[in-house]
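J.: Sharing start.txt (compact mmCIF, N, CA and C atoms) below.
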# COMPACT_ATOMS: atom_id res chain seq x y z
N MET A 1 105.18 -54.76 67.51
CA MET A 1 104.03 -54.48 66.66
C MET A 1 104.27 -55.18 65.32
N THR A 2 103.25 -55.83 64.81
CA THR A 2 103.38 -56.57 63.57
C THR A 2 102.98 -55.71 62.37
N LYS A 3 103.36 -56.18 61.18
CA LYS A 3 102.99 -55.50 59.95
C LYS A 3 101.47 -55.44 59.83
N LYS A 4 100.82 -56.51 60.22
CA LYS A 4 99.35 -56.57 60.15
C LYS A 4 98.73 -55.49 61.03
N GLU A 5 99.25 -55.33 62.23
CA GLU A 5 98.75 -54.28 63.13
C GLU A 5 98.99 -52.90 62.54
N LEU A 6 100.18 -52.70 61.96
CA LEU A 6 100.52 -51.41 61.38
C LEU A 6 99.62 -51.07 60.19
N MET A 7 99.26 -52.07 59.40
CA MET A 7 98.43 -51.85 58.22
C MET A 7 96.98 -51.52 58.56
N GLN A 8 96.57 -51.75 59.79
CA GLN A 8 95.18 -51.48 60.17
C GLN A 8 94.82 -50.00 60.01
N VAL A 9 95.76 -49.10 60.21
CA VAL A 9 95.49 -47.67 60.01
C VAL A 9 95.13 -47.42 58.55
N TYR A 10 95.89 -48.03 57.65
CA TYR A 10 95.63 -47.88 56.22
C TYR A 10 94.22 -48.35 55.88
N TYR A 11 93.88 -49.55 56.36
CA TYR A 11 92.57 -50.11 56.05
C TYR A 11 91.43 -49.32 56.71
N LEU A 12 91.64 -48.88 57.92
CA LEU A 12 90.63 -48.05 58.59
C LEU A 12 90.41 -46.74 57.83
N ASN A 13 91.50 -46.14 57.37
CA ASN A 13 91.38 -44.90 56.59
C ASN A 13 90.56 -45.13 55.33
N LYS A 14 90.80 -46.24 54.64
CA LYS A 14 90.03 -46.55 53.44
C LYS A 14 88.55 -46.72 53.77
N GLU A 15 88.26 -47.41 54.87
CA GLU A 15 86.87 -47.59 55.28
C GLU A 15 86.22 -46.24 55.59
N ILE A 16 86.94 -45.39 56.29
CA ILE A 16 86.41 -44.07 56.65
C ILE A 16 86.11 -43.26 55.39
N ILE A 17 87.02 -43.30 54.43
CA ILE A 17 86.80 -42.58 53.17
C ILE A 17 85.58 -43.12 52.44
N ASN A 18 85.50 -44.44 52.33
CA ASN A 18 84.36 -45.05 51.62
C ASN A 18 83.04 -44.73 52.31
N GLU A 19 83.00 -44.84 53.62
CA GLU A 19 81.77 -44.58 54.36
C GLU A 19 81.40 -43.10 54.34
N THR A 20 82.40 -42.24 54.31
CA THR A 20 82.14 -40.80 54.22
C THR A 20 81.53 -40.46 52.86
N GLU A 21 82.06 -41.09 51.81
CA GLU A 21 81.49 -40.87 50.47
C GLU A 21 80.03 -41.35 50.43
N GLU A 22 79.77 -42.51 51.03
CA GLU A 22 78.40 -43.03 51.08
C GLU A 22 77.50 -42.09 51.88
N LEU A 23 78.02 -41.55 52.98
CA LEU A 23 77.25 -40.61 53.80
C LEU A 23 76.89 -39.36 53.01
N VAL A 24 77.85 -38.85 52.25
CA VAL A 24 77.59 -37.66 51.43
C VAL A 24 76.48 -37.95 50.42
N GLU A 25 76.55 -39.12 49.79
CA GLU A 25 75.50 -39.50 48.83
C GLU A 25 74.13 -39.59 49.50
N LEU A 26 74.09 -40.16 50.71
CA LEU A 26 72.83 -40.25 51.44
C LEU A 26 72.29 -38.87 51.80
N LYS A 27 73.18 -37.98 52.20
CA LYS A 27 72.74 -36.62 52.56
C LYS A 27 72.24 -35.86 51.33
N ILE A 28 72.87 -36.08 50.20
CA ILE A 28 72.41 -35.45 48.96
C ILE A 28 71.01 -35.97 48.61
N LYS A 29 70.86 -37.28 48.74
CA LYS A 29 69.57 -37.90 48.47
C LYS A 29 68.50 -37.34 49.42
N ALA A 30 68.85 -37.19 50.68
CA ALA A 30 67.90 -36.66 51.67
C ALA A 30 67.56 -35.20 51.37
N ARG A 31 68.54 -34.44 50.93
CA ARG A 31 68.30 -33.02 50.62
C ARG A 31 67.37 -32.89 49.42
N ARG A 32 67.56 -33.76 48.43
CA ARG A 32 66.68 -33.72 47.26
C ARG A 32 65.23 -34.01 47.65
N ARG A 33 65.06 -34.86 48.64
CA ARG A 33 63.73 -35.24 49.09
C ARG A 33 63.18 -34.31 50.17
N ALA A 34 63.92 -33.28 50.49
CA ALA A 34 63.52 -32.40 51.60
C ALA A 34 62.13 -31.81 51.40
N GLY A 35 61.76 -31.54 50.16
CA GLY A 35 60.44 -30.97 49.91
C GLY A 35 59.34 -32.00 50.02
N GLU A 36 59.71 -33.27 49.91
CA GLU A 36 58.72 -34.34 50.02
C GLU A 36 58.51 -34.69 51.49
N THR A 37 57.82 -35.77 51.74
CA THR A 37 57.61 -36.20 53.12
C THR A 37 58.92 -36.71 53.71
N ARG A 38 59.00 -36.68 55.02
CA ARG A 38 60.19 -37.17 55.73
C ARG A 38 60.39 -38.65 55.44
N ASN A 39 61.64 -39.05 55.42
CA ASN A 39 61.97 -40.45 55.19
C ASN A 39 62.74 -40.95 56.41
N PRO A 40 62.05 -41.49 57.41
CA PRO A 40 62.71 -41.93 58.64
C PRO A 40 63.78 -43.00 58.40
N LYS A 41 63.54 -43.85 57.41
CA LYS A 41 64.52 -44.90 57.10
C LYS A 41 65.84 -44.28 56.62
N LEU A 42 65.75 -43.30 55.75
CA LEU A 42 66.92 -42.61 55.24
C LEU A 42 67.61 -41.83 56.36
N GLU A 43 66.83 -41.17 57.20
CA GLU A 43 67.39 -40.41 58.32
C GLU A 43 68.12 -41.32 59.30
N SER A 44 67.56 -42.48 59.56
CA SER A 44 68.22 -43.40 60.50
C SER A 44 69.48 -43.99 59.88
N LEU A 45 69.47 -44.21 58.56
CA LEU A 45 70.66 -44.70 57.87
C LEU A 45 71.78 -43.66 57.92
N ILE A 46 71.43 -42.41 57.75
CA ILE A 46 72.42 -41.32 57.85
C ILE A 46 73.01 -41.27 59.26
N ALA A 47 72.16 -41.34 60.26
CA ALA A 47 72.63 -41.32 61.66
C ALA A 47 73.53 -42.51 61.95
N LEU A 48 73.18 -43.67 61.44
CA LEU A 48 74.00 -44.87 61.63
C LEU A 48 75.36 -44.71 60.98
N ARG A 49 75.40 -44.21 59.74
CA ARG A 49 76.68 -44.01 59.05
C ARG A 49 77.55 -43.01 59.81
N GLU A 50 76.95 -41.93 60.30
CA GLU A 50 77.72 -40.94 61.05
C GLU A 50 78.32 -41.56 62.30
N LYS A 51 77.54 -42.36 63.00
CA LYS A 51 78.01 -43.03 64.21
C LYS A 51 79.16 -44.00 63.89
N GLU A 52 79.02 -44.76 62.80
CA GLU A 52 80.07 -45.70 62.39
C GLU A 52 81.36 -44.98 62.05
N ILE A 53 81.23 -43.86 61.34
CA ILE A 53 82.42 -43.10 60.95
C ILE A 53 83.12 -42.54 62.18
N VAL A 54 82.36 -41.98 63.10
CA VAL A 54 82.96 -41.43 64.33
C VAL A 54 83.70 -42.52 65.10
N GLU A 55 83.11 -43.70 65.20
CA GLU A 55 83.75 -44.81 65.91
C GLU A 55 85.03 -45.24 65.21
N LYS A 56 85.02 -45.31 63.89
CA LYS A 56 86.22 -45.71 63.15
C LYS A 56 87.31 -44.65 63.26
N VAL A 57 86.92 -43.39 63.29
CA VAL A 57 87.91 -42.32 63.46
C VAL A 57 88.54 -42.43 64.85
N ARG A 58 87.74 -42.73 65.87
CA ARG A 58 88.28 -42.94 67.23
C ARG A 58 89.27 -44.09 67.25
N ARG A 59 88.87 -45.21 66.63
CA ARG A 59 89.76 -46.38 66.59
C ARG A 59 91.05 -46.07 65.83
N CYS A 60 90.91 -45.35 64.74
CA CYS A 60 92.06 -44.99 63.92
C CYS A 60 93.00 -44.07 64.71
N THR A 61 92.45 -43.12 65.42
CA THR A 61 93.25 -42.20 66.23
C THR A 61 94.00 -42.95 67.33
N ALA A 62 93.31 -43.86 68.00
CA ALA A 62 93.96 -44.66 69.05
C ALA A 62 95.06 -45.53 68.47
N LEU A 63 94.81 -46.10 67.31
CA LEU A 63 95.81 -46.94 66.65
C LEU A 63 97.00 -46.10 66.20
N ARG A 64 96.74 -44.91 65.69
CA ARG A 64 97.85 -44.02 65.30
C ARG A 64 98.71 -43.66 66.51
N ASP A 65 98.09 -43.42 67.64
CA ASP A 65 98.85 -43.14 68.86
C ASP A 65 99.75 -44.31 69.22
N LYS A 66 99.21 -45.51 69.13
CA LYS A 66 99.98 -46.72 69.42
C LYS A 66 101.12 -46.88 68.42
N ILE A 67 100.85 -46.62 67.15
CA ILE A 67 101.89 -46.72 66.11
C ILE A 67 102.97 -45.67 66.34
N ASN A 68 102.57 -44.45 66.67
CA ASN A 68 103.56 -43.40 66.92
C ASN A 68 104.45 -43.74 68.11
N GLU A 69 103.88 -44.35 69.12
CA GLU A 69 104.67 -44.80 70.27
C GLU A 69 105.69 -45.85 69.82
N PHE A 70 105.24 -46.79 68.99
CA PHE A 70 106.14 -47.81 68.45
C PHE A 70 107.25 -47.17 67.61
N ILE A 71 106.86 -46.24 66.74
CA ILE A 71 107.83 -45.58 65.86
C ILE A 71 108.87 -44.82 66.68
N ASN A 72 108.44 -44.14 67.71
CA ASN A 72 109.38 -43.38 68.55
C ASN A 72 110.37 -44.28 69.28
N SER A 73 110.05 -45.56 69.40
CA SER A 73 110.97 -46.48 70.06
C SER A 73 112.05 -47.02 69.12
N ILE A 74 111.96 -46.72 67.83
CA ILE A 74 112.95 -47.20 66.85
C ILE A 74 114.19 -46.34 66.94
N ASP A 75 115.34 -46.99 67.14
CA ASP A 75 116.60 -46.26 67.30
C ASP A 75 117.12 -45.65 65.99
N ASP A 76 117.03 -46.38 64.90
CA ASP A 76 117.59 -45.94 63.63
C ASP A 76 116.68 -44.91 62.96
N SER A 77 117.23 -43.76 62.62
CA SER A 77 116.45 -42.66 62.05
C SER A 77 115.81 -43.03 60.71
N LEU A 78 116.56 -43.66 59.82
CA LEU A 78 116.02 -44.03 58.51
C LEU A 78 114.86 -45.01 58.66
N THR A 79 115.05 -46.02 59.48
CA THR A 79 113.99 -47.00 59.70
C THR A 79 112.77 -46.34 60.32
N ARG A 80 113.00 -45.45 61.25
CA ARG A 80 111.91 -44.72 61.90
C ARG A 80 111.12 -43.92 60.87
N GLN A 81 111.83 -43.23 59.97
CA GLN A 81 111.16 -42.46 58.92
C GLN A 81 110.37 -43.35 57.99
N ILE A 82 110.96 -44.47 57.59
CA ILE A 82 110.29 -45.40 56.68
C ILE A 82 108.99 -45.92 57.29
N ILE A 83 109.07 -46.38 58.53
CA ILE A 83 107.89 -46.92 59.21
C ILE A 83 106.84 -45.81 59.38
N TYR A 84 107.29 -44.62 59.72
CA TYR A 84 106.37 -43.49 59.90
C TYR A 84 105.62 -43.18 58.60
N TYR A 85 106.37 -42.97 57.52
CA TYR A 85 105.73 -42.60 56.26
C TYR A 85 104.79 -43.70 55.75
N ARG A 86 105.23 -44.94 55.87
CA ARG A 86 104.42 -46.04 55.34
C ARG A 86 103.17 -46.30 56.18
N TYR A 87 103.35 -46.41 57.49
CA TYR A 87 102.24 -46.87 58.33
C TYR A 87 101.46 -45.76 59.04
N ALA A 88 102.12 -44.70 59.43
CA ALA A 88 101.39 -43.60 60.09
C ALA A 88 100.79 -42.65 59.06
N LYS A 89 101.51 -42.43 57.96
CA LYS A 89 101.04 -41.52 56.92
C LYS A 89 100.39 -42.24 55.74
N CYS A 90 100.43 -43.58 55.75
CA CYS A 90 99.77 -44.41 54.72
C CYS A 90 100.27 -44.11 53.31
N MET A 91 101.57 -43.89 53.17
CA MET A 91 102.14 -43.61 51.86
C MET A 91 102.50 -44.90 51.13
N THR A 92 102.60 -44.81 49.81
CA THR A 92 103.06 -45.95 49.02
C THR A 92 104.57 -46.09 49.21
N TRP A 93 105.10 -47.25 48.82
CA TRP A 93 106.56 -47.44 48.94
C TRP A 93 107.31 -46.42 48.08
N ARG A 94 106.76 -46.08 46.94
CA ARG A 94 107.40 -45.09 46.07
C ARG A 94 107.46 -43.73 46.79
N GLN A 95 106.37 -43.34 47.42
CA GLN A 95 106.34 -42.08 48.16
C GLN A 95 107.32 -42.12 49.34
N VAL A 96 107.38 -43.26 50.01
CA VAL A 96 108.31 -43.41 51.15
C VAL A 96 109.74 -43.23 50.67
N ALA A 97 110.08 -43.87 49.55
CA ALA A 97 111.45 -43.76 49.01
C ALA A 97 111.76 -42.31 48.67
N TYR A 98 110.82 -41.61 48.06
CA TYR A 98 111.02 -40.21 47.71
C TYR A 98 111.21 -39.35 48.96
N MET A 99 110.36 -39.57 49.97
CA MET A 99 110.41 -38.76 51.18
C MET A 99 111.68 -38.98 51.98
N THR A 100 112.20 -40.20 51.98
CA THR A 100 113.43 -40.46 52.75
C THR A 100 114.66 -39.99 52.01
N GLY A 101 114.56 -39.87 50.70
CA GLY A 101 115.69 -39.36 49.90
C GLY A 101 116.88 -40.29 49.94
N GLY A 102 118.07 -39.74 49.70
CA GLY A 102 119.31 -40.50 49.81
C GLY A 102 119.41 -41.67 48.84
N TYR A 103 118.86 -41.54 47.66
CA TYR A 103 118.91 -42.58 46.62
C TYR A 103 118.22 -43.87 47.05
N ASN A 104 117.29 -43.78 47.99
CA ASN A 104 116.53 -44.97 48.39
C ASN A 104 115.51 -45.31 47.30
N THR A 105 115.35 -46.61 47.09
CA THR A 105 114.38 -47.09 46.11
C THR A 105 113.15 -47.64 46.84
N GLU A 106 112.09 -47.89 46.08
CA GLU A 106 110.89 -48.50 46.65
C GLU A 106 111.26 -49.84 47.30
N GLU A 107 111.99 -50.64 46.55
CA GLU A 107 112.36 -51.97 47.04
C GLU A 107 113.27 -51.86 48.27
N GLY A 108 114.17 -50.89 48.25
CA GLY A 108 115.10 -50.72 49.37
C GLY A 108 114.39 -50.36 50.67
N VAL A 109 113.48 -49.41 50.61
CA VAL A 109 112.79 -49.00 51.84
C VAL A 109 111.83 -50.10 52.32
N ARG A 110 111.22 -50.81 51.36
CA ARG A 110 110.34 -51.92 51.74
C ARG A 110 111.12 -53.00 52.47
N LYS A 111 112.31 -53.31 51.97
CA LYS A 111 113.14 -54.36 52.60
C LYS A 111 113.62 -53.92 53.99
N ILE A 112 113.99 -52.65 54.12
CA ILE A 112 114.41 -52.15 55.44
C ILE A 112 113.27 -52.31 56.43
N SER A 113 112.07 -51.95 56.00
CA SER A 113 110.90 -52.08 56.86
C SER A 113 110.64 -53.54 57.22
N GLU A 114 110.62 -54.40 56.22
CA GLU A 114 110.33 -55.82 56.48
C GLU A 114 111.37 -56.46 57.40
N ARG A 115 112.64 -56.14 57.18
CA ARG A 115 113.69 -56.70 58.04
C ARG A 115 113.51 -56.25 59.48
N TYR A 116 113.23 -54.97 59.64
CA TYR A 116 113.06 -54.44 60.99
C TYR A 116 111.85 -55.09 61.68
N LEU A 117 110.73 -55.14 60.97
CA LEU A 117 109.52 -55.72 61.58
C LEU A 117 109.70 -57.20 61.86
N LYS A 118 110.42 -57.89 61.01
CA LYS A 118 110.70 -59.31 61.25
C LYS A 118 111.56 -59.47 62.50
N LYS A 119 112.54 -58.58 62.65
CA LYS A 119 113.43 -58.63 63.81
C LYS A 119 112.67 -58.38 65.11
N VAL A 120 111.84 -57.34 65.11
CA VAL A 120 111.13 -57.00 66.36
C VAL A 120 110.01 -57.97 66.69
N THR A 121 109.38 -58.56 65.69
CA THR A 121 108.32 -59.51 65.98
C THR A 121 108.86 -60.88 66.36
N SER A 122 110.07 -61.19 65.91
CA SER A 122 110.65 -62.48 66.30
C SER A 122 111.18 -62.43 67.73
N VAL A 123 111.43 -61.22 68.25
CA VAL A 123 111.91 -61.05 69.62
C VAL A 123 110.77 -61.23 70.62
N ASP A 124 109.53 -60.82 70.21
CA ASP A 124 108.37 -60.89 71.11
C ASP A 124 108.03 -62.26 71.55
Could you render the structure from this file as structure tokens?
T.:
Amino acid sequence: MTKKELMQVYYLNKEIINETEELVELKIKARRRAGETRNPKLESLIALREKEIVEKVRRCTALRDKINEFINSIDDSLTRQIIYYRYAKCMTWRQVAYMTGGYNTEEGVRKISERYLKKVTSVD
């Protein structure tokens, strides 16, 4: 699994958050207009956003399953934790360093991750 593949969960999560915020705004707008005439265009836009979000959540869940399978195949516990926190939990390098403990730094955990991913992708 490549770094690019692993980062897709992060990007999908950001898209889901952004689209959910947009959906909430649309629903607020629709509720304000509830006393007025129906707005089919707004209703269809809300339905479309809901459908898009559900699809992205499905894709994200499937990708997380694939990532977890990859993570479980890592022999080294520290590397497994680093990859898990960064890519499955979408944490920053600073958060990863804190969570792994043991005087690990942001730069240290990032390098461990990069070395491991470089090693496994060069084998493929």
J.: Assign secondary structure with DSSP using the backbone only, and return the residues of chain A in alpha helix (DSSP H) as a PyMOL selection string.
T.: chain A and resi 3-32+40-72+77-83+93-100+106-123
J.: Skip region 43-51 of chain A itself and residues of its chain fewer than 2 positions away, then list as JSON, numbers by chain all residues within 12 Å of it, counting only C-alpha atoms.
T.: {"A": [15, 16, 17, 18, 19, 20, 21, 22, 23, 24, 25, 26, 27, 28, 29, 30, 31, 33, 34, 37, 38, 39, 40, 41, 53, 54, 55, 56, 57, 58]}
J.: How would the residues just picked look written out with N, CA and C atoms as a short mmCIF file (atom, residue, chain, number, x, y, z; two decimals), in the frame of the given file?
T.:
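Generated output (out-v8.cif):
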data_model
loop_
_atom_site.label_atom_id
_atom_site.label_comp_id
_atom_site.auth_asym_id
_atom_site.auth_seq_id
_atom_site.Cartn_x
_atom_site.Cartn_y
_atom_site.Cartn_z
N GLU A 15 88.26 -47.41 54.87
CA GLU A 15 86.87 -47.59 55.28
C GLU A 15 86.22 -46.24 55.59
N ILE A 16 86.94 -45.39 56.29
CA ILE A 16 86.41 -44.07 56.65
C ILE A 16 86.11 -43.26 55.39
N ILE A 17 87.02 -43.30 54.43
CA ILE A 17 86.80 -42.58 53.17
C ILE A 17 85.58 -43.12 52.44
N ASN A 18 85.50 -44.44 52.33
CA ASN A 18 84.36 -45.05 51.62
C ASN A 18 83.04 -44.73 52.31
N GLU A 19 83.00 -44.84 53.62
CA GLU A 19 81.77 -44.58 54.36
C GLU A 19 81.40 -43.10 54.34
N THR A 20 82.40 -42.24 54.31
CA THR A 20 82.14 -40.80 54.22
C THR A 20 81.53 -40.46 52.86
N GLU A 21 82.06 -41.09 51.81
CA GLU A 21 81.49 -40.87 50.47
C GLU A 21 80.03 -41.35 50.43
N GLU A 22 79.77 -42.51 51.03
CA GLU A 22 78.40 -43.03 51.08
C GLU A 22 77.50 -42.09 51.88
N LEU A 23 78.02 -41.55 52.98
CA LEU A 23 77.25 -40.61 53.80
C LEU A 23 76.89 -39.36 53.01
N VAL A 24 77.85 -38.85 52.25
CA VAL A 24 77.59 -37.66 51.43
C VAL A 24 76.48 -37.95 50.42
N GLU A 25 76.55 -39.12 49.79
CA GLU A 25 75.50 -39.50 48.83
C GLU A 25 74.13 -39.59 49.50
N LEU A 26 74.09 -40.16 50.71
CA LEU A 26 72.83 -40.25 51.44
C LEU A 26 72.29 -38.87 51.80
N LYS A 27 73.18 -37.98 52.20
CA LYS A 27 72.74 -36.62 52.56
C LYS A 27 72.24 -35.86 51.33
N ILE A 28 72.87 -36.08 50.20
CA ILE A 28 72.41 -35.45 48.96
C ILE A 28 71.01 -35.97 48.61
N LYS A 29 70.86 -37.28 48.74
CA LYS A 29 69.57 -37.90 48.47
C LYS A 29 68.50 -37.34 49.42
N ALA A 30 68.85 -37.19 50.68
CA ALA A 30 67.90 -36.66 51.67
C ALA A 30 67.56 -35.20 51.37
N ARG A 31 68.54 -34.44 50.93
CA ARG A 31 68.30 -33.02 50.62
C ARG A 31 67.37 -32.89 49.42
N ARG A 33 65.06 -34.86 48.64
CA ARG A 33 63.73 -35.24 49.09
C ARG A 33 63.18 -34.31 50.17
N ALA A 34 63.92 -33.28 50.49
CA ALA A 34 63.52 -32.40 51.60
C ALA A 34 62.13 -31.81 51.40
N THR A 37 57.82 -35.77 51.74
CA THR A 37 57.61 -36.20 53.12
C THR A 37 58.92 -36.71 53.71
N ARG A 38 59.00 -36.68 55.02
CA ARG A 38 60.19 -37.17 55.73
C ARG A 38 60.39 -38.65 55.44
N ASN A 39 61.64 -39.05 55.42
CA ASN A 39 61.97 -40.45 55.19
C ASN A 39 62.74 -40.95 56.41
N PRO A 40 62.05 -41.49 57.41
CA PRO A 40 62.71 -41.93 58.64
C PRO A 40 63.78 -43.00 58.40
N LYS A 41 63.54 -43.85 57.41
CA LYS A 41 64.52 -44.90 57.10
C LYS A 41 65.84 -44.28 56.62
N ILE A 53 81.23 -43.86 61.34
CA ILE A 53 82.42 -43.10 60.95
C ILE A 53 83.12 -42.54 62.18
N VAL A 54 82.36 -41.98 63.10
CA VAL A 54 82.96 -41.43 64.33
C VAL A 54 83.70 -42.52 65.10
N GLU A 55 83.11 -43.70 65.20
CA GLU A 55 83.75 -44.81 65.91
C GLU A 55 85.03 -45.24 65.21
N LYS A 56 85.02 -45.31 63.89
CA LYS A 56 86.22 -45.71 63.15
C LYS A 56 87.31 -44.65 63.26
N VAL A 57 86.92 -43.39 63.29
CA VAL A 57 87.91 -42.32 63.46
C VAL A 57 88.54 -42.43 64.85
N ARG A 58 87.74 -42.73 65.87
CA ARG A 58 88.28 -42.94 67.23
C ARG A 58 89.27 -44.09 67.25
#
J.: Quick one: residues within 9 Å of Arg64 (chain A), only C-alpha atoms, excluding same-chain residues fewer than 6 positions away - as a list in words?
T.: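 Near neighbours after the sequence-gap exclusion: Leu6, Val9, Tyr87 and Ala88 of chain A.
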J.: Could you work out how far CA of Cys90 (chain A) lies from CA of Tyr10 (chain A), giving the answer in Å with one decimal?
T.: 5.6 Å
J.: Please determine, counting only C-alpha atoms, which residue among A:Met99, A:Leu78, A:Met91, A:Ile83 has the shortest atom-to-atom distance to Leu117 (chain A).
T.: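 Going through A:Met99, A:Leu78, A:Met91, A:Ile83 one by one, the smallest distance to Leu117 (chain A) is for A:Ile83.
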J.: Go through A:Ser122, A:Gln95, A:Glu5, A:Tyr103 and flag the residue nearest Leu63 (chain A), using only N, CA and C atoms for the distances.
T.: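 When distances to Leu63 (chain A) are compared using only N, CA and C atoms, the smallest one comes from A:Glu5.
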J.: Under the rule that only N, CA and C atoms are counted, which of A:Lys118, A:Arg94, A:Lys89, A:Thr105 is the nearest residue to Lys3 (chain A)?
T.: A:Lys118
J.: Can you work out which one of A:Arg115, A:Gly102, A:Tyr84, A:Gly35 has the shortest atom-to-atom distance to Phe70 (chain A), counting only C-alpha atoms?
T.: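 For Phe70 (chain A), the nearest of the given residues is A:Tyr84.
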J.: What's the separation between atom N of Ile71 (chain A) and atom C of Glu106 (chain A), in Å to one decimal place?
T.: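 That distance, rounded to one decimal, is 20.3 Å.
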J.: Expressed in Å to a single decimal, how great is the separation between CA of Thr79 (chain A) and CA of Thr61 (chain A)?
T.: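 If I compute the distance from CA of Thr79 (chain A) to CA of Thr61 (chain A), I get 22.3 Å.
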J.: Tell me which of A:Cys60, A:Ile112, A:Asn13, A:Thr121 sits closest to Ser77 (chain A), counting only C-alpha atoms.
T.: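 Distance minimum relative to Ser77 (chain A) lands on A:Ile112.
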J.: With distances taken over only N, CA and C atoms, which of A:Leu12, A:Val120, A:Val109, A:Met7 is nearest to Trp93 (chain A)?
T.: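 When distances to Trp93 (chain A) are compared using only N, CA and C atoms, the smallest one comes from A:Val109.
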